[in-house]
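Asks: Contents of final_32.tsv (TSV, C-alpha atoms and all ligand atoms) are given next:
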```tsv
chain	number	residue	atom	x	y	z
C	521	MET	CA	0.00	0.00	0.00
C	522	THR	CA	1.38	3.43	-0.96
C	523	ALA	CA	1.53	6.15	1.70
C	524	GLY	CA	-0.23	9.49	1.25
C	525	PRO	CA	-3.73	10.41	0.22
C	526	ARG	CA	-5.84	8.10	-1.88
C	527	VAL	CA	-5.80	9.17	-5.52
C	528	VAL	CA	-9.25	9.16	-7.14
C	529	LEU	CA	-9.78	9.82	-10.83
C	530	ILE	CA	-13.29	11.01	-11.74
C	531	THR	CA	-14.02	10.98	-15.45
C	532	GLY	CA	-16.81	13.44	-16.23
C	533	GLY	CA	-16.07	14.88	-12.80
C	534	ALA	CA	-16.91	18.45	-13.80
C	535	GLY	CA	-20.57	17.50	-14.26
C	536	PHE	CA	-23.59	17.52	-11.98
C	537	ILE	CA	-22.78	14.44	-9.91
C	538	GLY	CA	-19.00	14.46	-10.35
C	539	SER	CA	-18.37	17.99	-9.07
C	540	ARG	CA	-20.29	17.22	-5.87
C	541	LEU	CA	-18.50	13.91	-5.41
C	542	ALA	CA	-15.18	15.71	-5.92
C	543	ARG	CA	-16.04	18.16	-3.15
C	544	ASP	CA	-16.89	15.36	-0.73
C	545	LEU	CA	-13.77	13.34	-1.51
C	546	LEU	CA	-11.51	16.39	-1.11
C	547	ALA	CA	-13.12	17.04	2.27
C	548	ARG	CA	-12.17	13.49	3.28
C	549	GLY	CA	-8.53	14.08	2.34
C	550	ASP	CA	-8.41	12.32	-1.05
C	551	ARG	CA	-6.44	13.68	-4.00
C	552	VAL	CA	-8.96	14.18	-6.78
C	553	ILE	CA	-8.17	14.26	-10.48
C	554	VAL	CA	-11.02	15.23	-12.77
C	555	ALA	CA	-10.82	14.22	-16.42
C	556	ASP	CA	-13.47	16.09	-18.37
C	557	TYR	CA	-13.68	17.83	-21.72
C	558	LEU	CA	-16.40	20.24	-20.61
C	559	HIS	CA	-19.07	19.18	-23.06
C	560	PRO	CA	-20.59	22.39	-24.51
C	561	GLN	CA	-24.13	21.01	-24.03
C	562	VAL	CA	-23.46	20.73	-20.28
C	563	HIS	CA	-20.95	23.57	-19.79
C	564	PRO	CA	-21.94	26.29	-22.26
C	565	GLY	CA	-19.34	28.78	-20.99
C	566	ARG	CA	-16.54	26.19	-21.00
C	567	GLY	CA	-14.81	28.10	-18.18
C	568	TRP	CA	-14.10	26.53	-14.77
C	569	PRO	CA	-17.48	24.99	-13.77
C	570	ALA	CA	-19.12	26.94	-10.94
C	571	ASP	CA	-19.61	23.86	-8.74
C	572	LEU	CA	-16.19	22.29	-9.27
C	573	PRO	CA	-13.85	22.87	-6.30
C	574	ARG	CA	-10.64	24.73	-7.23
C	575	GLU	CA	-8.58	22.13	-5.35
C	576	VAL	CA	-9.14	19.37	-7.91
C	577	GLU	CA	-6.64	18.76	-10.67
C	578	LEU	CA	-8.73	19.30	-13.80
C	579	VAL	CA	-7.31	17.51	-16.83
C	580	PRO	CA	-9.00	18.50	-20.12
C	581	LEU	CA	-9.58	15.10	-21.68
C	582	ASP	CA	-11.99	13.63	-24.18
C	583	VAL	CA	-12.43	10.00	-23.15
C	584	THR	CA	-12.50	8.93	-26.80
C	585	VAL	CA	-9.04	10.33	-27.57
C	586	GLU	CA	-6.24	7.84	-27.00
C	587	GLN	CA	-3.29	10.26	-26.76
C	588	THR	CA	-4.75	12.37	-23.95
C	589	TRP	CA	-5.25	9.22	-21.86
C	590	GLY	CA	-1.56	8.38	-22.31
C	591	THR	CA	-0.55	11.85	-21.11
C	592	LEU	CA	-2.81	11.62	-18.05
C	593	LEU	CA	-1.67	8.15	-16.99
C	594	ARG	CA	2.00	8.95	-17.35
C	595	LEU	CA	1.47	11.64	-14.68
C	596	HIS	CA	-1.11	10.03	-12.37
C	597	ALA	CA	-1.68	6.54	-10.98
C	598	PRO	CA	-5.21	6.57	-9.50
C	599	SER	CA	-6.09	3.72	-7.17
C	600	VAL	CA	-9.82	4.40	-7.67
C	601	VAL	CA	-11.56	5.38	-10.91
C	602	VAL	CA	-15.12	6.72	-10.84
C	603	HIS	CA	-16.33	6.61	-14.43
C	604	LEU	CA	-19.01	9.24	-15.01
C	605	ALA	CA	-18.10	10.74	-18.40
C	606	ALA	CA	-20.98	10.06	-20.75
C	607	GLU	CA	-23.43	11.34	-23.27
C	608	THR	CA	-26.64	11.25	-21.26
C	609	GLY	CA	-29.50	12.28	-23.57
C	610	THR	CA	-32.04	9.46	-23.65
C	611	GLY	CA	-34.20	10.96	-26.41
C	612	GLN	CA	-31.17	12.43	-28.18
C	613	SER	CA	-29.52	8.99	-28.30
C	614	LEU	CA	-32.12	7.80	-30.79
C	615	THR	CA	-30.98	10.22	-33.47
C	616	GLU	CA	-27.35	10.58	-32.32
C	617	ALA	CA	-26.66	6.93	-31.68
C	618	SER	CA	-23.06	7.02	-32.90
C	619	ARG	CA	-22.14	9.89	-30.60
C	620	HIS	CA	-23.58	7.99	-27.62
C	621	GLY	CA	-21.86	4.79	-28.73
C	622	MET	CA	-18.56	6.58	-29.27
C	623	VAL	CA	-18.37	8.37	-25.91
C	624	ASN	CA	-20.05	5.80	-23.69
C	625	VAL	CA	-18.73	2.58	-25.20
C	626	VAL	CA	-15.55	3.47	-27.10
C	627	GLY	CA	-14.67	6.06	-24.43
C	628	THR	CA	-14.76	3.27	-21.85
C	629	THR	CA	-12.66	0.87	-23.94
C	630	ARG	CA	-10.14	3.66	-24.72
C	631	MET	CA	-9.77	4.28	-20.99
C	632	LEU	CA	-9.13	0.59	-20.36
C	633	ASP	CA	-6.69	0.32	-23.28
C	634	ALA	CA	-4.79	3.27	-21.84
C	635	PHE	CA	-4.44	1.51	-18.47
C	636	SER	CA	-3.29	-1.66	-20.28
C	637	ALA	CA	-0.76	0.29	-22.36
C	638	GLN	CA	0.58	1.84	-19.17
C	639	GLY	CA	0.77	-1.58	-17.50
C	640	TYR	CA	-1.19	-0.21	-14.56
C	641	THR	CA	-4.41	-1.52	-13.02
C	642	PRO	CA	-6.40	0.62	-10.56
C	643	GLU	CA	-7.66	-1.22	-7.47
C	644	HIS	CA	-11.31	-0.32	-7.94
C	645	PHE	CA	-13.55	1.00	-10.73
C	646	ILE	CA	-16.92	2.53	-9.93
C	647	LEU	CA	-19.34	2.97	-12.81
C	648	ALA	CA	-22.35	5.27	-12.67
C	649	SER	CA	-24.72	3.13	-14.67
C	650	SER	CA	-28.40	3.82	-15.06
C	651	ARG	CA	-31.83	2.48	-14.19
C	652	ALA	CA	-32.33	2.81	-17.97
C	653	VAL	CA	-30.62	-0.58	-18.45
C	654	TYR	CA	-33.80	-2.26	-17.14
C	655	GLY	CA	-35.94	-0.77	-19.91
C	656	GLU	CA	-39.57	-1.47	-19.06
C	657	GLY	CA	-38.26	-3.70	-16.27
C	658	GLU	CA	-40.28	-6.36	-14.52
C	659	TRP	CA	-44.10	-6.39	-14.40
C	660	THR	CA	-46.50	-8.88	-12.94
C	661	ALA	CA	-50.13	-9.70	-13.79
C	662	ALA	CA	-52.44	-7.42	-11.80
C	663	ALA	CA	-54.68	-10.43	-11.14
C	664	GLY	CA	-51.71	-12.43	-9.78
C	665	GLY	CA	-49.37	-14.87	-11.48
C	666	GLY	CA	-45.84	-14.84	-12.88
C	667	SER	CA	-43.77	-11.83	-13.88
C	668	CYS	CA	-42.64	-10.76	-17.35
C	669	ASN	CA	-40.25	-8.31	-19.00
C	670	PRO	CA	-42.26	-6.32	-21.58
C	671	PRO	CA	-40.49	-5.20	-24.76
C	672	PRO	CA	-40.10	-1.47	-25.55
C	673	ARG	CA	-43.48	0.21	-26.01
C	674	ARG	CA	-44.39	0.66	-29.68
C	675	HIS	CA	-44.92	4.05	-31.26
C	676	GLU	CA	-48.40	3.04	-32.48
C	677	ASP	CA	-49.49	2.01	-28.96
C	678	LEU	CA	-48.31	5.30	-27.51
C	679	ALA	CA	-49.99	7.25	-30.32
C	680	ALA	CA	-53.23	5.46	-29.41
C	681	GLY	CA	-52.84	6.34	-25.72
C	682	ARG	CA	-52.09	2.76	-24.67
C	683	TRP	CA	-49.53	3.70	-22.03
C	684	ASP	CA	-49.10	0.64	-19.82
C	685	PRO	CA	-47.39	-2.49	-21.13
C	686	VAL	CA	-49.80	-5.45	-21.22
C	687	GLY	CA	-49.24	-9.21	-20.91
C	688	ALA	CA	-49.12	-11.72	-23.80
C	689	GLU	CA	-52.92	-12.14	-23.61
C	690	GLY	CA	-53.56	-8.41	-23.21
C	691	GLU	CA	-53.95	-8.70	-19.43
C	692	ALA	CA	-53.27	-5.71	-17.12
C	693	LEU	CA	-49.83	-5.61	-15.47
C	694	VAL	CA	-48.30	-3.82	-12.49
C	695	HIS	CA	-44.71	-2.65	-12.21
C	696	VAL	CA	-42.29	-4.43	-9.85
C	697	PRO	CA	-39.38	-2.35	-8.43
C	698	ALA	CA	-36.12	-3.38	-10.12
C	699	ARG	CA	-33.53	-5.33	-8.21
C	700	ALA	CA	-30.07	-5.98	-9.65
C	701	GLY	CA	-29.46	-9.70	-10.02
C	702	ARG	CA	-33.17	-10.45	-10.35
C	703	THR	CA	-34.53	-7.93	-12.86
C	704	VAL	CA	-33.23	-8.73	-16.33
C	705	PRO	CA	-31.62	-5.77	-18.13
C	706	ASN	CA	-33.72	-5.00	-21.19
C	707	PRO	CA	-32.71	-1.58	-22.66
C	708	SER	CA	-35.37	0.24	-24.66
C	709	ASN	CA	-33.26	3.11	-25.99
C	710	ILE	CA	-29.74	3.59	-27.26
C	711	TYR	CA	-28.44	5.47	-24.23
C	712	ALA	CA	-29.56	2.52	-22.08
C	713	ALA	CA	-27.89	0.03	-24.41
C	714	THR	CA	-24.60	1.95	-24.16
C	715	LYS	CA	-24.81	2.06	-20.34
C	716	LEU	CA	-25.35	-1.71	-20.22
C	717	THR	CA	-22.41	-2.17	-22.59
C	718	GLN	CA	-20.24	-0.06	-20.26
C	719	GLU	CA	-21.15	-2.45	-17.45
C	720	LEU	CA	-20.27	-5.54	-19.49
C	721	VAL	CA	-17.00	-4.12	-20.82
C	722	LEU	CA	-15.83	-3.11	-17.36
C	723	ARG	CA	-16.90	-6.43	-15.85
C	724	ALA	CA	-14.89	-8.43	-18.38
C	725	TRP	CA	-11.81	-6.22	-18.09
C	726	CYS	CA	-11.82	-6.04	-14.27
C	727	ALA	CA	-12.22	-9.83	-13.96
C	728	ALA	CA	-9.28	-10.44	-16.29
C	729	MET	CA	-7.06	-7.75	-14.74
C	730	ASN	CA	-7.89	-8.57	-11.15
C	731	SER	CA	-9.47	-5.21	-10.40
C	732	ARG	CA	-12.68	-4.67	-8.45
C	733	LEU	CA	-15.86	-3.25	-9.95
C	734	SER	CA	-18.85	-1.50	-8.39
C	735	VAL	CA	-21.69	-0.75	-10.79
C	736	LEU	CA	-24.20	1.67	-9.32
C	737	ARG	CA	-27.42	1.82	-11.34
C	738	LEU	CA	-28.71	5.30	-10.54
C	739	GLN	CA	-32.39	6.15	-10.75
C	740	ASN	CA	-33.32	9.73	-11.81
C	741	VAL	CA	-30.91	12.07	-10.05
C	742	TYR	CA	-32.04	15.64	-9.34
C	743	GLY	CA	-31.02	18.64	-7.28
C	744	PRO	CA	-29.19	21.96	-7.48
C	745	GLY	CA	-26.42	22.04	-10.06
C	746	GLN	CA	-27.83	19.99	-12.92
C	747	SER	CA	-27.16	21.91	-16.13
C	748	PRO	CA	-30.24	24.13	-16.61
C	749	THR	CA	-29.28	24.71	-20.24
C	750	ASN	CA	-29.03	21.05	-21.25
C	751	PHE	CA	-32.49	20.34	-22.62
C	752	TYR	CA	-31.86	16.65	-23.01
C	753	THR	CA	-31.58	15.59	-19.37
C	754	GLY	CA	-33.25	16.19	-16.04
C	755	ILE	CA	-37.04	16.52	-16.23
C	756	LEU	CA	-37.23	18.05	-12.74
C	757	THR	CA	-34.61	20.65	-13.64
C	758	LEU	CA	-36.64	21.59	-16.69
C	759	PHE	CA	-39.82	21.72	-14.61
C	760	ALA	CA	-38.15	23.85	-11.92
C	761	ARG	CA	-36.90	26.24	-14.58
C	762	LEU	CA	-40.36	26.64	-16.14
C	763	ALA	CA	-42.18	26.81	-12.80
C	764	SER	CA	-39.78	29.49	-11.55
C	765	ALA	CA	-40.85	31.56	-14.56
C	766	HIS	CA	-44.49	30.83	-13.55
C	767	SER	CA	-45.13	28.81	-16.71
C	768	SER	CA	-47.43	25.80	-16.52
C	769	LEU	CA	-45.83	22.37	-16.78
C	770	ASP	CA	-46.62	20.03	-19.65
C	771	VAL	CA	-46.88	16.49	-18.25
C	772	TYR	CA	-46.61	13.70	-20.82
C	773	GLU	CA	-48.83	10.63	-21.35
C	774	ASP	CA	-51.57	10.46	-18.71
C	775	GLY	CA	-49.30	11.90	-16.01
C	776	LEU	CA	-48.81	8.48	-14.44
C	777	ILE	CA	-45.27	7.70	-15.66
C	778	LEU	CA	-43.54	6.42	-12.54
C	779	ARG	CA	-40.03	7.48	-11.48
C	780	ASP	CA	-37.78	7.27	-8.45
C	781	PHE	CA	-36.21	10.72	-8.05
C	782	VAL	CA	-33.11	10.56	-5.89
C	783	PHE	CA	-31.40	13.68	-4.54
C	784	VAL	CA	-27.88	14.30	-5.82
C	785	GLY	CA	-26.43	14.49	-2.28
C	786	ASP	CA	-27.73	10.98	-1.60
C	787	VAL	CA	-26.15	9.69	-4.80
C	788	VAL	CA	-22.82	11.24	-3.81
C	789	THR	CA	-22.91	9.54	-0.40
C	790	ALA	CA	-23.66	6.21	-2.13
C	791	LEU	CA	-20.69	6.64	-4.49
C	792	ALA	CA	-18.43	7.63	-1.59
C	793	ALA	CA	-19.63	4.61	0.43
C	794	ALA	CA	-18.91	2.35	-2.55
C	795	ILE	CA	-15.34	3.70	-2.64
C	796	ASP	CA	-14.94	3.07	1.09
C	797	ARG	CA	-16.33	-0.46	0.96
C	798	PRO	CA	-14.91	-2.13	-2.14
C	799	PRO	CA	-16.34	-5.50	-3.12
C	800	GLU	CA	-14.32	-8.73	-3.19
C	801	GLN	CA	-14.63	-8.75	-6.96
C	802	SER	CA	-17.68	-7.11	-8.55
C	803	ARG	CA	-21.21	-6.06	-7.64
C	804	VAL	CA	-24.19	-4.27	-9.12
C	805	LEU	CA	-26.27	-2.03	-6.87
C	806	ASP	CA	-29.43	0.02	-7.34
C	807	VAL	CA	-29.39	3.58	-6.06
C	808	GLY	CA	-32.66	5.45	-5.64
C	809	SER	CA	-34.76	7.14	-2.97
C	810	GLY	CA	-36.86	4.00	-2.55
C	811	ALA	CA	-39.99	6.20	-2.78
C	812	PRO	CA	-41.23	6.36	-6.40
C	813	THR	CA	-43.69	8.99	-7.55
C	814	THR	CA	-45.63	9.84	-10.70
C	815	ILE	CA	-44.42	12.65	-12.94
C	816	LEU	CA	-47.74	14.43	-12.34
C	817	ASP	CA	-47.22	14.31	-8.59
C	818	ALA	CA	-43.65	15.62	-8.91
C	819	ALA	CA	-44.79	18.39	-11.29
C	820	ALA	CA	-47.62	19.41	-8.93
C	821	ARG	CA	-45.18	19.63	-6.01
C	822	ILE	CA	-42.79	21.83	-8.01
C	823	ALA	CA	-45.63	24.05	-9.20
C	824	ARG	CA	-46.80	24.45	-5.61
C	825	ILE	CA	-43.32	25.30	-4.32
C	826	ALA	CA	-42.67	27.79	-7.12
C	827	GLY	CA	-46.15	29.33	-7.11
C	828	ALA	CA	-46.77	28.26	-10.74
C	829	PRO	CA	-50.13	27.21	-12.25
C	830	GLU	CA	-51.34	23.60	-11.96
C	831	PRO	CA	-49.55	21.25	-14.41
C	832	VAL	CA	-51.38	20.23	-17.59
C	833	VAL	CA	-51.50	16.57	-18.66
C	834	SER	CA	-50.99	16.80	-22.41
C	835	GLY	CA	-51.03	13.21	-23.66
C	836	ARG	CA	-47.82	13.92	-25.60
C	837	PHE	CA	-45.12	11.24	-25.43
C	838	ARG	CA	-41.51	10.47	-26.31
C	839	ASP	CA	-40.45	7.28	-28.07
C	840	GLY	CA	-37.99	5.28	-25.98
C	841	ASP	CA	-39.32	6.51	-22.61
C	842	VAL	CA	-40.18	3.73	-20.20
C	843	ARG	CA	-43.47	3.72	-18.35
C	844	ALA	CA	-42.18	2.90	-14.89
C	845	ALA	CA	-38.82	2.95	-13.15
C	846	SER	CA	-38.18	2.31	-9.49
C	847	CYS	CA	-35.93	0.03	-7.50
C	848	ASP	CA	-35.56	-1.89	-4.29
C	849	ILE	CA	-32.77	-0.13	-2.39
C	850	GLU	CA	-32.65	-2.56	0.53
C	851	PRO	CA	-29.67	-4.61	-0.78
C	852	THR	CA	-27.70	-1.39	-1.44
C	853	MET	CA	-28.43	-0.06	2.03
C	854	GLN	CA	-27.14	-3.33	3.49
C	855	GLU	CA	-24.08	-3.56	1.27
C	856	LEU	CA	-22.95	0.06	1.63
C	857	GLY	CA	-24.28	0.93	5.08
C	858	TRP	CA	-25.96	3.83	3.26
C	859	GLN	CA	-29.37	5.40	3.29
C	860	PRO	CA	-30.99	8.24	1.32
C	861	LYS	CA	-31.75	11.22	3.54
C	862	VAL	CA	-33.46	13.89	1.44
C	863	GLY	CA	-37.22	13.60	0.86
C	864	LEU	CA	-38.82	14.84	-2.36
C	865	ASP	CA	-40.37	18.07	-1.02
C	866	ASP	CA	-37.14	19.08	0.67
C	867	GLY	CA	-35.08	18.26	-2.44
C	868	LEU	CA	-37.47	20.08	-4.77
C	869	ALA	CA	-37.45	23.17	-2.55
C	870	GLN	CA	-33.62	23.16	-2.78
C	871	LEU	CA	-33.83	22.76	-6.56
C	872	VAL	CA	-36.32	25.61	-7.02
C	873	GLY	CA	-34.32	27.82	-4.60
C	874	TRP	CA	-31.14	27.20	-6.60
C	875	MET	CA	-32.90	27.84	-9.91
C	876	ARG	CA	-34.00	31.25	-8.63
C	877	GLU	CA	-30.46	31.97	-7.43
C	878	VAL	CA	-28.84	31.20	-10.78
C	879	GLY	CA	-31.61	33.18	-12.45
C	880	GLU	CA	-32.40	30.65	-15.17
P	1	LIG	N1	-28.20	12.46	-13.70
P	1	LIG	C1	-28.91	11.34	-13.73
P	1	LIG	O1	-30.14	11.34	-13.53
P	1	LIG	C2	-28.23	10.03	-13.99
P	1	LIG	C3	-28.99	8.84	-13.86
P	1	LIG	C4	-28.39	7.62	-14.14
P	1	LIG	C5	-27.05	7.58	-14.50
P	1	LIG	N2	-26.34	8.72	-14.62
P	1	LIG	C6	-24.93	8.62	-15.05
P	1	LIG	O2	-24.13	9.38	-14.18
P	1	LIG	C7	-23.03	9.94	-14.89
P	1	LIG	C8	-22.91	11.42	-14.60
P	1	LIG	O3	-24.12	12.06	-14.95
P	1	LIG	P1	-24.39	13.59	-14.65
P	1	LIG	O4	-25.83	13.72	-14.38
P	1	LIG	O5	-23.39	14.14	-13.69
P	1	LIG	O6	-24.14	14.19	-16.11
P	1	LIG	P2	-23.43	15.55	-16.57
P	1	LIG	O7	-23.78	15.71	-18.01
P	1	LIG	O8	-23.72	16.67	-15.65
P	1	LIG	O9	-21.89	15.19	-16.42
P	1	LIG	C9	-21.21	14.42	-17.35
P	1	LIG	C10	-19.84	15.01	-17.53
P	1	LIG	O10	-19.17	14.20	-18.52
P	1	LIG	C11	-18.44	15.09	-19.34
P	1	LIG	N3	-18.24	14.47	-20.65
P	1	LIG	C12	-19.15	14.20	-21.61
P	1	LIG	N4	-18.57	13.65	-22.67
P	1	LIG	C13	-17.25	13.55	-22.38
P	1	LIG	C14	-16.10	13.07	-23.08
P	1	LIG	N5	-16.20	12.61	-24.34
P	1	LIG	N6	-14.90	13.10	-22.47
P	1	LIG	C15	-14.77	13.59	-21.21
P	1	LIG	N7	-15.80	14.09	-20.51
P	1	LIG	C16	-17.03	14.06	-21.08
P	1	LIG	C17	-19.29	16.36	-19.44
P	1	LIG	O11	-18.52	17.49	-19.80
P	1	LIG	C18	-19.86	16.44	-18.04
P	1	LIG	O12	-19.07	17.28	-17.21
P	1	LIG	C19	-23.26	9.59	-16.36
P	1	LIG	O13	-22.45	8.50	-16.69
P	1	LIG	C20	-24.72	9.21	-16.44
P	1	LIG	O14	-24.95	8.24	-17.45
P	1	LIG	C21	-26.90	9.95	-14.38
```
Reformat the file's structure so that it appears as structure tokens.

Replies:
Amino acid sequence: MTAGPRVVLITGGAGFIGSRLARDLLARGDRVIVADYLHPQVHPGRGWPADLPREVELVPLDVTVEQTWGTLLRLHAPSVVVHLAAETGTGQSLTEASRHGMVNVVGTTRMLDAFSAQGYTPEHFILASSRAVYGEGEWTAAAGGGSCNPPPRRHEDLAAGRWDPVGAEGEALVHVPARAGRTVPNPSNIYAATKLTQELVLRAWCAAMNSRLSVLRLQNVYGPGQSPTNFYTGILTLFARLASAHSSLDVYEDGLILRDFVFVGDVVTALAAAIDRPPEQSRVLDVGSGAPTTILDAAARIARIAGAPEPVVSGRFRDGDVRAASCDIEPTMQELGWQPKVGLDDGLAQLVGWMREVGE
């Protein structure tokens, strides 16, 4: 074991989750290197990101570019790598599939090739994967019986207002919270497919190279600091922005899309706990609040907090969106000795307060 502070490399560490994780790790005495190319969609100014602590070593690096990895790894030997750099636009990934494939998949393999070329293996990789890998996830017959994994919802069903997946005989189904190891991954959009590929690539490499791997499948993360100008991610950020301007919120489908919104501070504590408690070899954990809500309910809460009009259920929809996403966080709480602390009303009040502060 080397003396001195632990060296943690966070790819994509200038972003929403990464900058907050960097702050927490610095406070614990770690040395933090952030590798990020300041994606213009996330960082329109491209200056030093407002939420990124000045104490980190920020290395401008595009994960897809081989040479910059070589330069970074000749200077730094991180014992822990938190891999966050990614293209994150679910809807956008349908029409910009190659960009998502290049950054999320090839960016991950380039990183691993760079470690191989350097002859250096970090002790522990932590991947921020996504609840999106489950796709429509697991459902069970409302009248009782076995469970099933519905395929992606078809455009023609959505256009006809048939929102819920149905069973093989057309029977009504109810959503079952996802649980890693039991719920079969079943991506229904390209972003999700690239996140699952990241998991598989890292699992194979870490097993062969004798490194440890923690995959954290994050539900929908929200809170102060998510790029208010990136229109492709963060429904609650978009809602908070509109509600702060006293606009009414357009809620898709019948308003009953189900999501688990988890506060960014709780995600950061889960990532930090995963660093502190490495697995023997590899593990996959679900990270959420454990308290799912409908989009209509979340929109109504934001509208109330911001003093905006009641949300309007529009019946519009987006291809590739899943109907329900939630997870069972019990195994993660056990494994990491972690628990989410921020309830939805508290988190939304912080989000709306921040939105007013930044004046978006
Ligand atoms: N926010 C969520 O709700 C959520 C949910 C599930 C999973 N995740 C995952 O968590 C991770 C972080 O998400 P976030 O919400 O902080 O996103 P973010 O967009 O705020 O941060 C991502 C960072 O990656 C950087 N980046 C993008 N492409 C890059 C490239 N080619 N090279 C180097 N850096 C690059 C961006 O500049 C940005 O700073 C992502 O991997 C995402 O898939 C996020």

Asks: Report as a PyMOL selection string which protein, DNA and RNA residues come within 7 Å of ligand LIG 1 (chain P), using all atoms listed in the file.

Replies: chain C and resi 531-538+555-559+562-563+581-584+603-608+623+627+648-651+715+737-742+746-747+754

Asks: Keeping C-alpha atoms for every residue in the selection just given, could you write it to a file as a tab-separated table (two decimals), in the coordinates of the input?

Replies:
```tsv
chain	number	residue	atom	x	y	z
C	531	THR	CA	-14.02	10.98	-15.45
C	532	GLY	CA	-16.81	13.44	-16.23
C	533	GLY	CA	-16.07	14.88	-12.80
C	534	ALA	CA	-16.91	18.45	-13.80
C	535	GLY	CA	-20.57	17.50	-14.26
C	536	PHE	CA	-23.59	17.52	-11.98
C	537	ILE	CA	-22.78	14.44	-9.91
C	538	GLY	CA	-19.00	14.46	-10.35
C	555	ALA	CA	-10.82	14.22	-16.42
C	556	ASP	CA	-13.47	16.09	-18.37
C	557	TYR	CA	-13.68	17.83	-21.72
C	558	LEU	CA	-16.40	20.24	-20.61
C	559	HIS	CA	-19.07	19.18	-23.06
C	562	VAL	CA	-23.46	20.73	-20.28
C	563	HIS	CA	-20.95	23.57	-19.79
C	581	LEU	CA	-9.58	15.10	-21.68
C	582	ASP	CA	-11.99	13.63	-24.18
C	583	VAL	CA	-12.43	10.00	-23.15
C	584	THR	CA	-12.50	8.93	-26.80
C	603	HIS	CA	-16.33	6.61	-14.43
C	604	LEU	CA	-19.01	9.24	-15.01
C	605	ALA	CA	-18.10	10.74	-18.40
C	606	ALA	CA	-20.98	10.06	-20.75
C	607	GLU	CA	-23.43	11.34	-23.27
C	608	THR	CA	-26.64	11.25	-21.26
C	623	VAL	CA	-18.37	8.37	-25.91
C	627	GLY	CA	-14.67	6.06	-24.43
C	648	ALA	CA	-22.35	5.27	-12.67
C	649	SER	CA	-24.72	3.13	-14.67
C	650	SER	CA	-28.40	3.82	-15.06
C	651	ARG	CA	-31.83	2.48	-14.19
C	715	LYS	CA	-24.81	2.06	-20.34
C	737	ARG	CA	-27.42	1.82	-11.34
C	738	LEU	CA	-28.71	5.30	-10.54
C	739	GLN	CA	-32.39	6.15	-10.75
C	740	ASN	CA	-33.32	9.73	-11.81
C	741	VAL	CA	-30.91	12.07	-10.05
C	742	TYR	CA	-32.04	15.64	-9.34
C	746	GLN	CA	-27.83	19.99	-12.92
C	747	SER	CA	-27.16	21.91	-16.13
C	754	GLY	CA	-33.25	16.19	-16.04
```

Asks: What does the distance from atom CA of Gly840 of chain C to atom CA of Thr610 of chain C come to in Å, to one decimal?

Replies: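 About the pair atom CA of Gly840 of chain C and atom CA of Thr610 of chain C: they are 7.6 Å apart.
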
Asks: If I take atom CA of Thr852 of chain C and atom CA of Val625 of chain C, how far is one from the other in Å, to one decimal?

Replies: 25.7 Å

Asks: Suppose you want the space between atom CA of Gln718 of chain C and atom CA of Phe837 of chain C; what is it in Å?

Replies: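 Distance reported for this atom pair: 27.8 Å.
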
Asks: Closest to Ile815 of chain C among C:Leu871, C:Leu756, C:Ala680, C:Leu864, using all atoms listed in the file?

Replies: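 Of C:Leu871, C:Leu756, C:Ala680, C:Leu864, the one nearest Ile815 of chain C is C:Leu756, counting all atoms listed in the file.
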
Asks: Counting all atoms listed in the file, figure out which residue out of C:Gly785, C:Pro560, C:Gly549, C:Gly835 gets nearest to Val576 of chain C.

Replies: C:Gly549

Asks: I need every residue sitting at most 12 Å from the point (-17.1, -8.1, -5.4) (coordinates as in the file, all atoms listed in the file considered), written as a list of chain:residue names.

Replies: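 Output: C:Glu643, C:His644, C:Phe645, C:Ile646, C:Arg723, C:Cys726, C:Ala727, C:Asn730, C:Ser731, C:Arg732, C:Leu733, C:Ser734, C:Val735, C:Ala794, C:Arg797, C:Pro798, C:Pro799, C:Glu800, C:Gln801, C:Ser802, C:Arg803, C:Val804, C:Leu805, C:Glu855.
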
Asks: Can you work out which one of C:Ala652, C:Leu572, C:Ala826, C:Met729 has the shortest atom-to-atom distance to Asp633 of chain C, counting all atoms listed in the file?

Replies: C:Met729

Asks: Identify which of the residues C:Gln612, C:Thr629, C:Thr588, C:Thr703 lies closest to Gly655 of chain C, counting only C-alpha atoms when measuring atom-to-atom distances.

Replies: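 Ranked by minimum distance to Gly655 of chain C, first place goes to C:Thr703.
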
Asks: Of the residues C:Asn624, C:Leu593, C:Val878, C:Glu577, which is the one nearest to Val721 of chain C, using only C-alpha atoms?

Replies: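 Counting only C-alpha atoms, the residue closest to Val721 of chain C is C:Asn624.
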
Asks: From the set C:Pro670, C:Gly827, C:Gly743, C:Gly775, which residue has the shortest atom-to-atom contact distance to Gly863 of chain C, counting all atoms listed in the file?

Replies: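 Once distances to Gly863 of chain C are computed over all atoms listed in the file, the minimum belongs to C:Gly743.
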
Asks: I'd like a table as JSON lines: residues in segment 753-781 of chain C with an atom no more than 12 Å from segment 682-701 of chain C, each row giving the shortest atom pair and its distance in Å to one decimal, all atoms listed in the file counted, sorted by chain and rising residue number.

Replies:
```
{"residue": "C:Tyr772", "atom": "CA", "partner": "C:Trp683", "partner_atom": "CA", "distance": 10.5}
{"residue": "C:Glu773", "atom": "CA", "partner": "C:Trp683", "partner_atom": "CA", "distance": 7.0}
{"residue": "C:Asp774", "atom": "CA", "partner": "C:Trp683", "partner_atom": "CA", "distance": 7.8}
{"residue": "C:Gly775", "atom": "CA", "partner": "C:Trp683", "partner_atom": "CA", "distance": 10.2}
{"residue": "C:Leu776", "atom": "CA", "partner": "C:Trp683", "partner_atom": "CA", "distance": 9.0}
{"residue": "C:Ile777", "atom": "CA", "partner": "C:Trp683", "partner_atom": "CA", "distance": 8.6}
{"residue": "C:Leu778", "atom": "CA", "partner": "C:His695", "partner_atom": "CA", "distance": 9.2}
{"residue": "C:Arg779", "atom": "CA", "partner": "C:Pro697", "partner_atom": "CA", "distance": 10.3}
{"residue": "C:Asp780", "atom": "CA", "partner": "C:Pro697", "partner_atom": "CA", "distance": 9.8}
```
